[in-house]
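Shown below: query_30.txt, with compact mmCIF, C-alpha atoms and all ligand atoms.
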```txt
# COMPACT_ATOMS: atom_id res chain seq x y z
CA MET L 1 35.45 -34.22 9.91
CA ALA L 2 35.48 -30.77 11.40
CA GLN L 3 32.04 -29.19 11.54
CA PHE L 4 31.28 -26.10 9.55
CA HIS L 5 30.03 -22.99 11.26
CA ARG L 6 28.27 -19.93 10.03
CA ILE L 7 30.47 -16.90 9.47
CA LYS L 8 30.84 -14.63 12.49
CA GLY L 9 28.28 -11.83 12.34
CA THR L 10 25.78 -13.80 10.25
CA HIS L 11 22.60 -15.52 11.41
CA ASP L 12 20.68 -18.56 10.29
CA ILE L 13 17.00 -17.77 10.35
CA LEU L 14 15.45 -21.01 11.59
CA PRO L 15 11.79 -21.89 10.91
CA GLN L 16 10.46 -20.52 14.22
CA ASP L 17 12.12 -17.19 13.40
CA ALA L 18 11.44 -17.20 9.67
CA ARG L 19 7.73 -16.71 10.34
CA LYS L 20 8.54 -13.61 12.38
CA TRP L 21 10.53 -12.35 9.42
CA ARG L 22 7.64 -13.02 7.06
CA TYR L 23 5.35 -11.12 9.38
CA VAL L 24 7.73 -8.15 9.59
CA GLU L 25 8.29 -8.07 5.84
CA GLY L 26 4.53 -8.34 5.25
CA VAL L 27 3.75 -5.36 7.47
CA VAL L 28 6.55 -3.29 5.93
CA GLN L 29 5.26 -4.07 2.44
CA GLU L 30 1.70 -3.26 3.41
CA VAL L 31 2.58 0.19 4.76
CA MET L 32 4.97 0.89 1.85
CA GLN L 33 2.13 0.09 -0.55
CA ARG L 34 -0.33 2.33 1.29
CA TYR L 35 2.10 5.16 0.66
CA ASN L 36 2.23 4.02 -2.98
CA PHE L 37 5.89 3.03 -2.94
CA SER L 38 6.76 0.25 -5.42
CA GLU L 39 9.26 -2.48 -4.77
CA ILE L 40 12.64 -2.55 -6.49
CA ARG L 41 15.15 -5.41 -6.24
CA THR L 42 18.75 -4.78 -7.15
CA PRO L 43 21.60 -7.32 -7.23
CA ILE L 44 23.48 -8.42 -4.14
CA PHE L 45 26.75 -7.17 -5.60
CA GLU L 46 27.78 -4.18 -7.63
CA GLU L 47 30.91 -2.64 -9.03
CA THR L 48 32.99 -1.47 -6.08
CA ALA L 49 33.23 2.03 -7.54
CA LEU L 50 29.47 2.51 -7.10
CA PHE L 51 29.86 2.47 -3.34
CA ALA L 52 33.32 3.94 -3.18
CA ARG L 53 31.95 6.94 -5.12
CA GLY L 54 28.40 6.78 -3.90
CA ILE L 55 29.10 6.68 -0.20
CA GLY L 56 32.18 8.86 -0.47
CA GLN L 57 35.74 7.85 0.17
CA LEU L 58 35.85 8.69 3.80
CA THR L 59 33.10 6.84 5.55
CA ASP L 60 33.87 3.94 7.82
CA ILE L 61 31.90 1.75 5.43
CA VAL L 62 34.13 2.46 2.46
CA SER L 63 37.41 2.65 4.28
CA LYS L 64 37.15 -0.60 6.21
CA GLU L 65 33.79 -2.29 6.20
CA MET L 66 33.04 -3.38 2.66
CA TYR L 67 33.13 -6.96 1.47
CA THR L 68 35.12 -6.40 -1.68
CA PHE L 69 36.55 -9.11 -3.91
CA LEU L 70 37.90 -9.64 -7.39
CA ASP L 71 35.94 -11.85 -9.74
CA ARG L 72 37.69 -14.04 -12.31
CA GLY L 73 37.89 -11.17 -14.74
CA GLU L 74 39.71 -9.28 -12.01
CA LYS L 75 36.84 -6.84 -11.72
CA SER L 76 36.41 -5.41 -8.24
CA LEU L 77 32.96 -6.23 -6.87
CA THR L 78 31.37 -5.39 -3.54
CA LEU L 79 28.50 -6.97 -1.63
CA LYS L 80 26.06 -4.15 -1.12
CA PRO L 81 26.61 -2.36 2.20
CA GLU L 82 23.59 -0.08 1.71
CA GLY L 83 20.61 0.26 -0.58
CA THR L 84 20.50 3.82 -1.85
CA ALA L 85 23.42 3.83 -4.31
CA PRO L 86 22.17 0.64 -6.08
CA VAL L 87 18.63 2.05 -6.35
CA ILE L 88 19.89 5.32 -7.82
CA ARG L 89 22.22 3.37 -10.13
CA ALA L 90 19.21 1.39 -11.40
CA PHE L 91 17.11 4.56 -11.65
CA ILE L 92 19.74 6.16 -13.88
CA GLU L 93 20.53 3.00 -15.87
CA HIS L 94 16.87 2.40 -16.79
CA ASN L 95 16.14 6.07 -17.49
CA LEU L 96 13.27 5.96 -15.03
CA GLY L 97 13.42 9.72 -14.63
CA GLU L 98 12.22 10.15 -18.23
CA LYS L 99 9.02 8.22 -17.61
CA LYS L 100 7.56 10.35 -14.82
CA PRO L 101 8.91 13.06 -12.55
CA VAL L 102 8.67 11.32 -9.21
CA HIS L 103 9.49 7.72 -8.34
CA LYS L 104 8.70 6.14 -5.00
CA LEU L 105 10.68 2.97 -4.55
CA TYR L 106 11.23 0.61 -1.64
CA TYR L 107 13.39 -2.43 -1.01
CA ILE L 108 13.89 -5.16 1.54
CA SER L 109 17.34 -6.65 1.22
CA PRO L 110 20.33 -8.15 2.98
CA MET L 111 23.30 -5.82 3.41
CA PHE L 112 26.91 -6.66 4.17
CA ARG L 113 29.39 -4.79 6.30
CA GLN L 114 32.55 -6.12 7.85
CA GLU L 115 31.95 -4.64 11.28
CA ASN L 116 32.77 -5.90 14.73
CA PRO L 117 29.79 -8.11 15.50
CA GLN L 118 27.82 -7.34 18.67
CA ALA L 119 24.18 -7.20 19.72
CA GLY L 120 22.36 -5.37 16.93
CA ARG L 121 25.47 -5.14 14.76
CA LEU L 122 25.99 -7.88 12.22
CA ARG L 123 28.00 -8.54 9.09
CA GLN L 124 25.03 -9.72 7.10
CA PHE L 125 21.96 -7.82 8.21
CA HIS L 126 18.75 -6.78 6.55
CA GLN L 127 17.23 -3.45 5.80
CA PHE L 128 14.01 -2.12 4.49
CA GLY L 129 14.28 1.25 2.91
CA ALA L 130 12.46 3.74 0.74
CA GLU L 131 13.60 6.36 -1.75
CA LEU L 132 11.45 9.21 -3.02
CA ILE L 133 13.32 10.23 -6.15
CA GLY L 134 12.78 13.41 -8.12
CA SER L 135 11.23 15.94 -5.75
CA PRO L 136 12.96 18.82 -3.94
CA ALA L 137 9.80 19.65 -1.94
CA PRO L 138 9.71 19.49 1.87
CA GLU L 139 6.54 17.41 1.44
CA ALA L 140 8.76 14.66 0.04
CA ASP L 141 10.95 14.69 3.16
CA VAL L 142 7.86 14.48 5.32
CA GLU L 143 6.39 11.71 3.18
CA THR L 144 9.42 9.48 3.87
CA ILE L 145 9.58 10.42 7.56
CA ALA L 146 5.84 9.75 8.00
CA LEU L 147 6.25 6.45 6.16
CA ALA L 148 9.02 5.34 8.52
CA VAL L 149 7.07 6.46 11.59
CA ASP L 150 3.89 4.77 10.38
CA ILE L 151 5.73 1.49 9.84
CA TYR L 152 6.87 1.52 13.47
CA GLU L 153 3.43 2.57 14.68
CA ARG L 154 1.78 -0.17 12.65
CA PHE L 155 3.93 -2.66 14.58
CA GLY L 156 2.71 -1.08 17.82
CA LEU L 157 6.08 0.36 18.85
CA LYS L 158 5.72 3.02 21.51
CA GLN L 159 9.17 3.81 22.77
CA PHE L 160 10.77 5.43 19.80
CA THR L 161 11.97 8.93 19.12
CA LEU L 162 12.27 10.77 15.83
CA LYS L 163 15.24 13.10 15.62
CA ILE L 164 15.69 15.56 12.80
CA ASN L 165 18.25 18.10 11.70
CA SER L 166 19.27 19.99 8.60
CA VAL L 167 22.77 19.69 7.19
CA GLY L 168 22.30 22.56 4.73
CA ASP L 169 23.41 22.36 1.13
CA ALA L 170 26.54 22.97 -0.92
CA ALA L 171 26.08 26.73 -0.48
CA CYS L 172 25.81 26.99 3.30
CA ARG L 173 27.75 23.93 4.37
CA VAL L 174 31.12 25.12 3.09
CA PRO L 175 31.24 28.28 5.24
CA TYR L 176 29.76 26.32 8.17
CA LYS L 177 32.45 23.65 7.83
CA GLU L 178 35.09 26.35 8.03
CA GLN L 179 33.51 27.81 11.16
CA LEU L 180 33.33 24.39 12.72
CA GLN L 181 36.96 23.67 11.90
CA ALA L 182 37.97 27.03 13.36
CA PHE L 183 36.13 26.10 16.55
CA LEU L 184 37.64 22.60 16.67
CA ARG L 185 41.22 23.41 15.70
CA PRO L 186 42.36 24.46 19.19
CA ARG L 187 40.63 21.37 20.62
CA LEU L 188 42.00 18.90 18.11
CA ASP L 189 44.40 17.13 20.47
CA LYS L 190 41.52 16.38 22.86
CA LEU L 191 39.50 14.55 20.18
CA CYS L 192 39.65 10.81 19.60
CA ARG L 193 41.86 9.42 16.82
CA SER L 194 38.95 8.87 14.41
CA CYS L 195 37.77 12.43 14.91
CA GLN L 196 41.25 13.77 14.35
CA GLU L 197 41.22 11.92 11.03
CA ARG L 198 37.78 13.34 10.22
CA PHE L 199 38.85 16.90 10.93
CA GLU L 200 40.01 17.83 7.43
CA LYS L 201 37.56 16.10 5.14
CA ASN L 202 34.55 15.23 7.24
CA PRO L 203 34.42 17.55 10.27
CA LEU L 204 30.62 17.38 10.62
CA ARG L 205 30.88 13.75 11.64
CA ILE L 206 32.85 14.84 14.73
CA LEU L 207 29.60 16.23 16.13
CA ASP L 208 28.10 12.78 15.95
CA CYS L 209 30.99 10.92 17.68
CA LYS L 210 29.83 8.86 20.65
CA GLU L 211 33.09 9.26 22.64
CA GLU L 212 32.47 11.18 25.86
CA GLY L 213 35.61 13.30 25.41
CA CYS L 214 34.61 14.36 21.90
CA ARG L 215 31.10 15.19 23.02
CA GLU L 216 32.46 17.47 25.73
CA GLN L 217 34.68 19.24 23.25
CA THR L 218 31.83 19.78 20.81
CA ALA L 219 29.16 20.79 23.34
CA GLU L 220 29.52 24.48 22.46
CA ALA L 221 30.28 23.98 18.78
CA PRO L 222 28.48 26.20 16.27
CA ARG L 223 25.22 24.65 15.13
CA ILE L 224 24.53 24.21 11.48
CA THR L 225 20.89 25.22 11.86
CA ASP L 226 22.15 28.67 12.92
CA HIS L 227 24.12 28.91 9.68
CA LEU L 228 21.65 27.71 7.05
CA CYS L 229 21.19 29.74 3.90
CA GLU L 230 17.78 31.25 3.27
CA ALA L 231 16.54 28.39 1.09
CA CYS L 232 17.68 25.64 3.48
CA HIS L 233 16.24 27.51 6.44
CA HIS L 234 12.83 27.72 4.75
CA HIS L 235 12.98 24.09 3.80
CA PHE L 236 13.74 23.03 7.37
CA GLU L 237 10.96 25.23 8.74
CA ALA L 238 8.51 23.74 6.23
CA VAL L 239 9.48 20.19 7.23
CA LYS L 240 8.92 20.97 10.91
CA THR L 241 5.58 22.68 10.21
CA LEU L 242 4.37 19.71 8.19
CA LEU L 243 5.46 17.24 10.86
CA ASN L 244 3.56 19.26 13.44
CA ARG L 245 0.52 19.27 11.19
CA LEU L 246 0.70 15.48 11.00
CA GLU L 247 1.15 15.36 14.79
CA ILE L 248 4.41 13.49 14.36
CA ALA L 249 6.52 14.20 17.44
CA PHE L 250 10.17 15.03 16.80
CA GLU L 251 13.25 16.44 18.45
CA VAL L 252 15.76 18.62 16.69
CA ASP L 253 19.18 17.08 17.28
CA HIS L 254 22.07 19.34 16.32
CA ARG L 255 24.47 16.43 16.43
CA LEU L 256 22.61 14.46 13.82
CA VAL L 257 24.72 14.82 10.69
CA ARG L 258 25.60 13.05 7.54
CA GLY L 259 29.05 14.16 6.68
CA LEU L 260 29.09 13.53 2.97
CA ASP L 261 28.78 16.11 0.28
CA TYR L 262 25.82 14.58 -1.51
CA TYR L 263 23.61 14.81 1.58
CA THR L 264 21.56 17.97 1.71
CA ARG L 265 19.12 19.54 4.10
CA THR L 266 17.01 17.09 6.08
CA ALA L 267 18.63 14.33 8.11
CA PHE L 268 16.60 12.13 10.43
CA GLU L 269 16.98 9.15 12.68
CA ILE L 270 14.59 6.99 14.65
CA ILE L 271 15.91 5.56 17.87
CA SER L 272 14.36 3.05 20.21
CA GLY L 273 14.26 3.22 23.99
CA SER L 274 14.20 -0.59 24.05
CA LEU L 275 17.62 -1.15 22.51
CA GLY L 276 21.03 -0.93 24.15
CA ALA L 277 24.06 0.75 22.66
CA GLN L 278 22.96 0.15 19.07
CA ASN L 279 19.71 2.05 19.51
CA ALA L 280 19.19 3.39 15.98
CA LEU L 281 16.29 1.68 14.28
CA GLY L 282 16.70 3.59 11.06
CA GLY L 283 17.79 6.80 9.52
CA GLY L 284 17.65 8.79 6.37
CA GLY L 285 17.62 12.13 4.76
CA ARG L 286 17.82 14.14 1.62
CA TYR L 287 20.54 13.46 -0.92
CA ASP L 288 19.97 15.93 -3.74
CA LEU L 289 23.47 15.56 -5.16
CA LEU L 290 23.88 11.78 -5.29
CA ALA L 291 22.37 11.11 -8.72
CA GLU L 292 24.84 13.50 -10.33
CA GLU L 293 27.70 11.93 -8.43
CA LEU L 294 26.63 8.61 -9.95
CA GLY L 295 26.60 10.04 -13.47
CA GLY L 296 22.91 10.91 -13.74
CA LYS L 297 20.99 14.15 -14.16
CA PRO L 298 20.41 16.34 -11.10
CA THR L 299 17.66 14.49 -9.20
CA PRO L 300 16.67 15.75 -5.77
CA SER L 301 15.74 12.78 -3.60
CA VAL L 302 15.11 11.72 -0.05
CA GLY L 303 14.98 8.32 1.62
CA PHE L 304 15.65 6.17 4.64
CA ALA L 305 16.93 2.73 5.59
CA ALA L 306 16.05 0.72 8.66
CA GLY L 307 17.40 -2.45 10.22
CA ILE L 308 15.14 -5.49 10.45
CA GLU L 309 17.19 -7.35 13.10
CA ARG L 310 16.96 -4.38 15.44
CA LEU L 311 13.24 -4.01 14.79
CA LEU L 312 12.78 -7.69 15.64
CA MET L 313 14.75 -7.22 18.86
CA VAL L 314 12.36 -4.43 19.85
CA LEU L 315 9.27 -6.42 18.85
CA GLU L 316 10.46 -9.33 21.01
CA LYS L 317 11.32 -7.08 23.91
CA GLU L 318 8.08 -5.12 23.82
CA ASN L 319 6.10 -8.31 23.26
CA LEU L 320 4.59 -7.09 20.03
CA LEU L 321 4.86 -10.19 17.87
CA PRO L 322 1.59 -11.99 17.16
CA GLU L 323 0.98 -15.65 17.96
CA PHE L 324 1.70 -17.73 14.90
CA GLN L 325 -0.39 -20.75 13.98
CA GLU L 326 1.99 -22.66 11.78
CA GLY L 327 0.95 -26.32 12.05
CA PRO L 328 -0.88 -28.10 9.25
CA ASP L 329 -4.67 -28.10 9.01
CA VAL L 330 -4.65 -31.85 8.88
CA PHE L 331 -2.28 -34.64 9.80
CA ILE L 332 -3.21 -37.97 8.20
CA ALA L 333 -2.48 -40.95 10.45
CA THR L 334 -2.82 -44.40 8.96
CA LEU L 335 -2.98 -47.98 10.16
CA GLY L 336 -2.11 -50.69 7.65
CA GLU L 337 -0.71 -50.77 4.14
CA ALA L 338 -3.93 -50.09 2.26
CA ALA L 339 -4.61 -46.99 4.35
CA LYS L 340 -1.11 -45.75 3.71
CA THR L 341 -1.59 -46.23 -0.01
CA TRP L 342 -4.80 -44.21 0.21
CA ALA L 343 -3.24 -41.44 2.29
CA ILE L 344 -0.64 -40.15 -0.16
CA PRO L 345 -3.02 -39.29 -3.03
CA ALA L 346 -5.60 -38.12 -0.47
CA ALA L 347 -3.05 -35.68 0.97
CA ARG L 348 -2.21 -34.38 -2.48
CA ARG L 349 -5.88 -33.92 -3.34
CA LEU L 350 -6.49 -31.98 -0.10
CA ARG L 351 -3.40 -29.87 -0.68
CA ARG L 352 -4.69 -28.98 -4.13
CA GLN L 353 -7.91 -27.88 -2.44
CA GLY L 354 -5.84 -25.45 -0.41
CA PHE L 355 -5.44 -27.34 2.85
CA LYS L 356 -2.10 -27.65 4.58
CA VAL L 357 -1.56 -31.38 5.01
CA ASP L 358 1.14 -33.61 6.40
CA TYR L 359 1.64 -37.27 7.26
CA ASP L 360 4.21 -39.68 8.63
CA PHE L 361 7.40 -40.55 6.77
CA MET L 362 8.93 -42.91 9.29
CA GLY L 363 6.62 -45.95 9.09
CA ARG L 364 5.59 -45.39 12.71
CA SER L 365 2.79 -46.95 14.74
CA LEU L 366 -0.58 -45.22 14.82
CA LYS L 367 0.12 -44.09 18.38
CA ALA L 368 3.42 -42.53 17.36
CA GLN L 369 1.75 -40.90 14.37
CA MET L 370 -0.86 -39.35 16.66
CA LYS L 371 1.91 -38.05 18.89
CA GLU L 372 3.53 -36.53 15.84
CA ALA L 373 0.19 -35.03 14.78
CA ASN L 374 -0.08 -33.29 18.16
CA ARG L 375 3.51 -32.14 18.10
CA SER L 376 3.09 -30.71 14.61
CA GLY L 377 0.41 -28.34 15.88
CA ALA L 378 -2.15 -29.74 13.43
CA ARG L 379 -5.75 -28.74 14.01
CA PHE L 380 -7.17 -32.06 12.91
CA ALA L 381 -6.07 -35.62 12.46
CA LEU L 382 -7.59 -37.81 9.80
CA ILE L 383 -7.32 -41.36 11.06
CA VAL L 384 -7.66 -44.16 8.55
CA GLY L 385 -7.37 -47.92 9.05
CA ASP L 386 -8.17 -50.75 6.70
CA ASN L 387 -11.66 -51.12 8.21
CA GLU L 388 -12.50 -47.45 7.66
CA LEU L 389 -11.12 -47.69 4.17
CA GLN L 390 -13.44 -50.55 3.32
CA ALA L 391 -16.41 -48.67 4.74
CA GLY L 392 -15.43 -45.53 2.78
CA GLU L 393 -15.02 -43.57 6.01
CA VAL L 394 -12.36 -41.77 8.03
CA VAL L 395 -12.18 -40.60 11.61
CA LEU L 396 -11.85 -36.84 11.91
CA ARG L 397 -10.36 -35.86 15.24
CA ASP L 398 -10.17 -32.32 16.55
CA LEU L 399 -6.78 -32.28 18.24
CA ALA L 400 -7.59 -29.33 20.47
CA THR L 401 -10.79 -30.77 21.98
CA SER L 402 -10.07 -34.50 21.36
CA GLU L 403 -13.60 -34.83 19.95
CA GLN L 404 -13.85 -37.13 17.02
CA GLU L 405 -16.43 -38.33 14.57
CA THR L 406 -16.61 -40.72 11.67
CA VAL L 407 -17.23 -39.05 8.33
CA ALA L 408 -17.75 -40.33 4.81
CA MET L 409 -14.59 -40.08 2.72
CA ASP L 410 -16.23 -38.05 -0.01
CA THR L 411 -17.28 -35.38 2.49
CA ILE L 412 -13.82 -34.80 3.98
CA ASP L 413 -13.13 -31.67 1.95
CA GLU L 414 -16.42 -30.11 2.88
CA MET L 415 -16.13 -31.02 6.56
CA LEU L 416 -12.60 -29.62 6.73
CA ARG L 417 -13.60 -26.47 4.95
CA GLN L 418 -16.36 -25.86 7.47
CA ARG L 419 -14.23 -26.68 10.46
CA THR L 420 -11.16 -24.72 9.48
CA ALA L 421 -13.33 -21.74 8.52
CA SER L 422 -15.07 -21.76 11.91
CA GLN L 423 -11.75 -21.96 13.76
CA SER L 424 -9.80 -19.27 11.98
P1 LIG V 501 22.68 3.07 7.95
O1 LIG V 501 22.54 2.52 6.56
O2 LIG V 501 24.05 2.91 8.52
O3 LIG V 501 22.12 4.47 8.09
O4 LIG V 501 21.78 2.15 8.86
C1 LIG V 501 20.38 2.19 8.87
C2 LIG V 501 19.90 1.17 9.87
O5 LIG V 501 20.32 -0.13 9.49
C3 LIG V 501 20.46 1.35 11.28
O6 LIG V 501 19.72 2.27 12.00
C4 LIG V 501 20.31 -0.05 11.83
O7 LIG V 501 18.99 -0.30 12.27
C5 LIG V 501 20.60 -0.91 10.63
N1 LIG V 501 22.01 -1.35 10.60
C6 LIG V 501 23.08 -0.69 10.12
N2 LIG V 501 24.20 -1.40 10.24
C7 LIG V 501 23.86 -2.56 10.82
C8 LIG V 501 24.56 -3.73 11.22
N3 LIG V 501 25.87 -3.87 11.03
N4 LIG V 501 23.87 -4.74 11.82
C9 LIG V 501 22.54 -4.64 12.02
N5 LIG V 501 21.82 -3.56 11.65
C10 LIG V 501 22.46 -2.54 11.07
```
Encoded form (structure tokens):
Amino acid sequence: MAQFHRIKGTHDILPQDARKWRYVEGVVQEVMQRYNFSEIRTPIFEETALFARGIGQLTDIVSKEMYTFLDRGEKSLTLKPEGTAPVIRAFIEHNLGEKKPVHKLYYISPMFRQENPQAGRLRQFHQFGAELIGSPAPEADVETIALAVDIYERFGLKQFTLKINSVGDAACRVPYKEQLQAFLRPRLDKLCRSCQERFEKNPLRILDCKEEGCREQTAEAPRITDHLCEACHHHFEAVKTLLNRLEIAFEVDHRLVRGLDYYTRTAFEIISGSLGAQNALGGGGRYDLLAEELGGKPTPSVGFAAGIERLLMVLEKENLLPEFQEGPDVFIATLGEAAKTWAIPAARRLRRQGFKVDYDFMGRSLKAQMKEANRSGARFALIVGDNELQAGEVVLRDLATSEQETVAMDTIDEMLRQRTASQS
């Protein structure tokens, strides 16, 4: 039979990696909670229209990257390519806005995009993200930026840069777009094919193209921050002042844009010096017009999303992952049938006491069991033979020091409690 393989662009997370994932998710949750963000979990798939509308028709994600399929009722469904539209859909659907004015929500979830797989670019990947829903204040922008920065700092990351920009709002972006198009029109034939396609509907994205030729053509392009309306200008200044007050270092990057109409004002990105071509750890911004686009009431909001695979790559590279002690507390090794019969209920009793316990399933010799105990990373071995059993005793062996002592069976729990407490 032919073997099955995982789908290109997906990863199996094997046990030695799963603990790194648990660690990362734990730290993310801890910092999210310190900022008083609450977790929200939305389904893996949604109606296709949520993303087709929510992300806008012209992004790469919608035009070619979504995993879209028909279910048996011929309804078009899509595996979620991003987290914001589902969160806002849930926010509207459950009338959360009526309960209190501001909601702070976070998620950790797989996402799906049919991209060309490469280092740091997968088809199933994972993001953590946060959405501060309901506030137009610059403090809200800074809250989400500080949250993202603090997550990376809590991991000990040093080589990362925060970039910010403002993309204006419906009022100032329209005239800016026209200015930008006027600047680009004579240069159109020198832009890459994708940028030529972007020219009519999504010209801001041309600023953000990574092609050398396009970057040259746009080097002198008008900057949106020079064309902000009064309100957007004040908002951007307030964000920068607050970041300075928090001593959060940032660079203003005029190329940082989000081309879609529902994005407003602040855009930000965090990039790592430890990653290659795919160096964006996460990004976000304000999206005051999205809730309305999804059929809800006007709800100014700001949020970010960040990739977990890329964060793990940086943590590995910068040697920032802790040592994990994953072996059991105790491995029970037995000699003889009676001892084996004793071991299974003894293991269960110890497990119910809170110890992590394992034993042999292969009917192996005592020597082989001890080898297995060492390989498992167990701290202690409990060694029981028929003689010990009759005497009501077991041998407790410290596998790190190889010291061992004989202890009464009814004191095992207490002995283990003392020993494991003194070691951890
Ligand atoms: P985006 O939702 O495109 O703004 O992406 C936010 C973050 O998610 C990026 O900065 C990456 O860290 C991560 N990310 C996006 N797409 C992928 C992907 N295909 N594979 C791995 N990580 C990704």
Would you write out, as JSON lines, a table of all residues in chain L that have an atom no more than 10 Å from an atom of ligand LIG 501 (chain V), listing for each the closest atom pair and the distance in Å to one decimal, considering all atoms listed in the file and ordering rows by chain and rising residue number?
```
{"residue": "L:Gly9", "atom": "CA", "partner": "V:LIG501", "partner_atom": "N4", "distance": 8.4}
{"residue": "L:Thr10", "atom": "CA", "partner": "V:LIG501", "partner_atom": "N4", "distance": 9.4}
{"residue": "L:Asp60", "atom": "CA", "partner": "V:LIG501", "partner_atom": "O2", "distance": 9.9}
{"residue": "L:Ile61", "atom": "CA", "partner": "V:LIG501", "partner_atom": "O2", "distance": 8.5}
{"residue": "L:Glu65", "atom": "CA", "partner": "V:LIG501", "partner_atom": "N3", "distance": 9.4}
{"residue": "L:Pro81", "atom": "CA", "partner": "V:LIG501", "partner_atom": "O1", "distance": 7.7}
{"residue": "L:Glu82", "atom": "CA", "partner": "V:LIG501", "partner_atom": "O1", "distance": 5.6}
{"residue": "L:Gly83", "atom": "CA", "partner": "V:LIG501", "partner_atom": "O1", "distance": 7.7}
{"residue": "L:Thr84", "atom": "CA", "partner": "V:LIG501", "partner_atom": "O1", "distance": 8.8}
{"residue": "L:Pro110", "atom": "CA", "partner": "V:LIG501", "partner_atom": "N5", "distance": 9.9}
{"residue": "L:Met111", "atom": "CA", "partner": "V:LIG501", "partner_atom": "C7", "distance": 8.1}
{"residue": "L:Phe112", "atom": "CA", "partner": "V:LIG501", "partner_atom": "N3", "distance": 7.5}
{"residue": "L:Arg113", "atom": "CA", "partner": "V:LIG501", "partner_atom": "N3", "distance": 6.0}
{"residue": "L:Gln114", "atom": "CA", "partner": "V:LIG501", "partner_atom": "N3", "distance": 7.7}
{"residue": "L:Glu115", "atom": "CA", "partner": "V:LIG501", "partner_atom": "N3", "distance": 6.1}
{"residue": "L:Asn116", "atom": "CA", "partner": "V:LIG501", "partner_atom": "N3", "distance": 8.1}
{"residue": "L:Pro117", "atom": "CA", "partner": "V:LIG501", "partner_atom": "N3", "distance": 7.3}
{"residue": "L:Gln118", "atom": "CA", "partner": "V:LIG501", "partner_atom": "N4", "distance": 8.3}
{"residue": "L:Ala119", "atom": "CA", "partner": "V:LIG501", "partner_atom": "C9", "distance": 8.3}
{"residue": "L:Gly120", "atom": "CA", "partner": "V:LIG501", "partner_atom": "C9", "distance": 5.0}
{"residue": "L:Arg121", "atom": "CA", "partner": "V:LIG501", "partner_atom": "N4", "distance": 3.4}
{"residue": "L:Leu122", "atom": "CA", "partner": "V:LIG501", "partner_atom": "N4", "distance": 3.8}
{"residue": "L:Arg123", "atom": "CA", "partner": "V:LIG501", "partner_atom": "N3", "distance": 5.5}
{"residue": "L:Gln124", "atom": "CA", "partner": "V:LIG501", "partner_atom": "N4", "distance": 7.0}
{"residue": "L:Phe125", "atom": "CA", "partner": "V:LIG501", "partner_atom": "C9", "distance": 5.0}
{"residue": "L:His126", "atom": "CA", "partner": "V:LIG501", "partner_atom": "N5", "distance": 6.8}
{"residue": "L:Gln127", "atom": "CA", "partner": "V:LIG501", "partner_atom": "O5", "distance": 5.8}
{"residue": "L:Phe128", "atom": "CA", "partner": "V:LIG501", "partner_atom": "O5", "distance": 8.3}
{"residue": "L:Gly129", "atom": "CA", "partner": "V:LIG501", "partner_atom": "C1", "distance": 8.6}
{"residue": "L:Arg258", "atom": "CA", "partner": "V:LIG501", "partner_atom": "O3", "distance": 9.3}
{"residue": "L:Phe268", "atom": "CA", "partner": "V:LIG501", "partner_atom": "O3", "distance": 9.7}
{"residue": "L:Glu269", "atom": "CA", "partner": "V:LIG501", "partner_atom": "O6", "distance": 7.4}
{"residue": "L:Ile270", "atom": "CA", "partner": "V:LIG501", "partner_atom": "O6", "distance": 7.5}
{"residue": "L:Ile271", "atom": "CA", "partner": "V:LIG501", "partner_atom": "O6", "distance": 7.7}
{"residue": "L:Ser272", "atom": "CA", "partner": "V:LIG501", "partner_atom": "O7", "distance": 9.8}
{"residue": "L:Gln278", "atom": "CA", "partner": "V:LIG501", "partner_atom": "C4", "distance": 7.7}
{"residue": "L:Asn279", "atom": "CA", "partner": "V:LIG501", "partner_atom": "O6", "distance": 7.5}
{"residue": "L:Ala280", "atom": "CA", "partner": "V:LIG501", "partner_atom": "O6", "distance": 4.2}
{"residue": "L:Leu281", "atom": "CA", "partner": "V:LIG501", "partner_atom": "O7", "distance": 3.9}
{"residue": "L:Gly282", "atom": "CA", "partner": "V:LIG501", "partner_atom": "O6", "distance": 3.4}
{"residue": "L:Gly283", "atom": "CA", "partner": "V:LIG501", "partner_atom": "O3", "distance": 5.1}
{"residue": "L:Gly284", "atom": "CA", "partner": "V:LIG501", "partner_atom": "O3", "distance": 6.4}
{"residue": "L:Gly285", "atom": "CA", "partner": "V:LIG501", "partner_atom": "O3", "distance": 9.5}
{"residue": "L:Phe304", "atom": "CA", "partner": "V:LIG501", "partner_atom": "C1", "distance": 7.5}
{"residue": "L:Ala305", "atom": "CA", "partner": "V:LIG501", "partner_atom": "C1", "distance": 4.8}
{"residue": "L:Ala306", "atom": "CA", "partner": "V:LIG501", "partner_atom": "C2", "distance": 4.1}
{"residue": "L:Gly307", "atom": "CA", "partner": "V:LIG501", "partner_atom": "O7", "distance": 3.4}
{"residue": "L:Ile308", "atom": "CA", "partner": "V:LIG501", "partner_atom": "O7", "distance": 6.7}
{"residue": "L:Glu309", "atom": "CA", "partner": "V:LIG501", "partner_atom": "C9", "distance": 6.1}
{"residue": "L:Arg310", "atom": "CA", "partner": "V:LIG501", "partner_atom": "O7", "distance": 5.6}
{"residue": "L:Leu311", "atom": "CA", "partner": "V:LIG501", "partner_atom": "O7", "distance": 7.3}
```
| request: Rank nothing, just name the residue among L:Val31, L:Leu70, L:Val302, L:Leu315 nearest to L:Ser274, using all atoms listed in the file. | output: L:Leu315
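Once L:Arg364 and its same-chain neighbours fewer than 6 positions away are set aside, Ala333, Thr334, Leu335, Gly336, Glu337, Lys340, Met370, Lys371, Glu372 and Ala373 of chain L remain within 12 Å of it when counting only C-alpha atoms.
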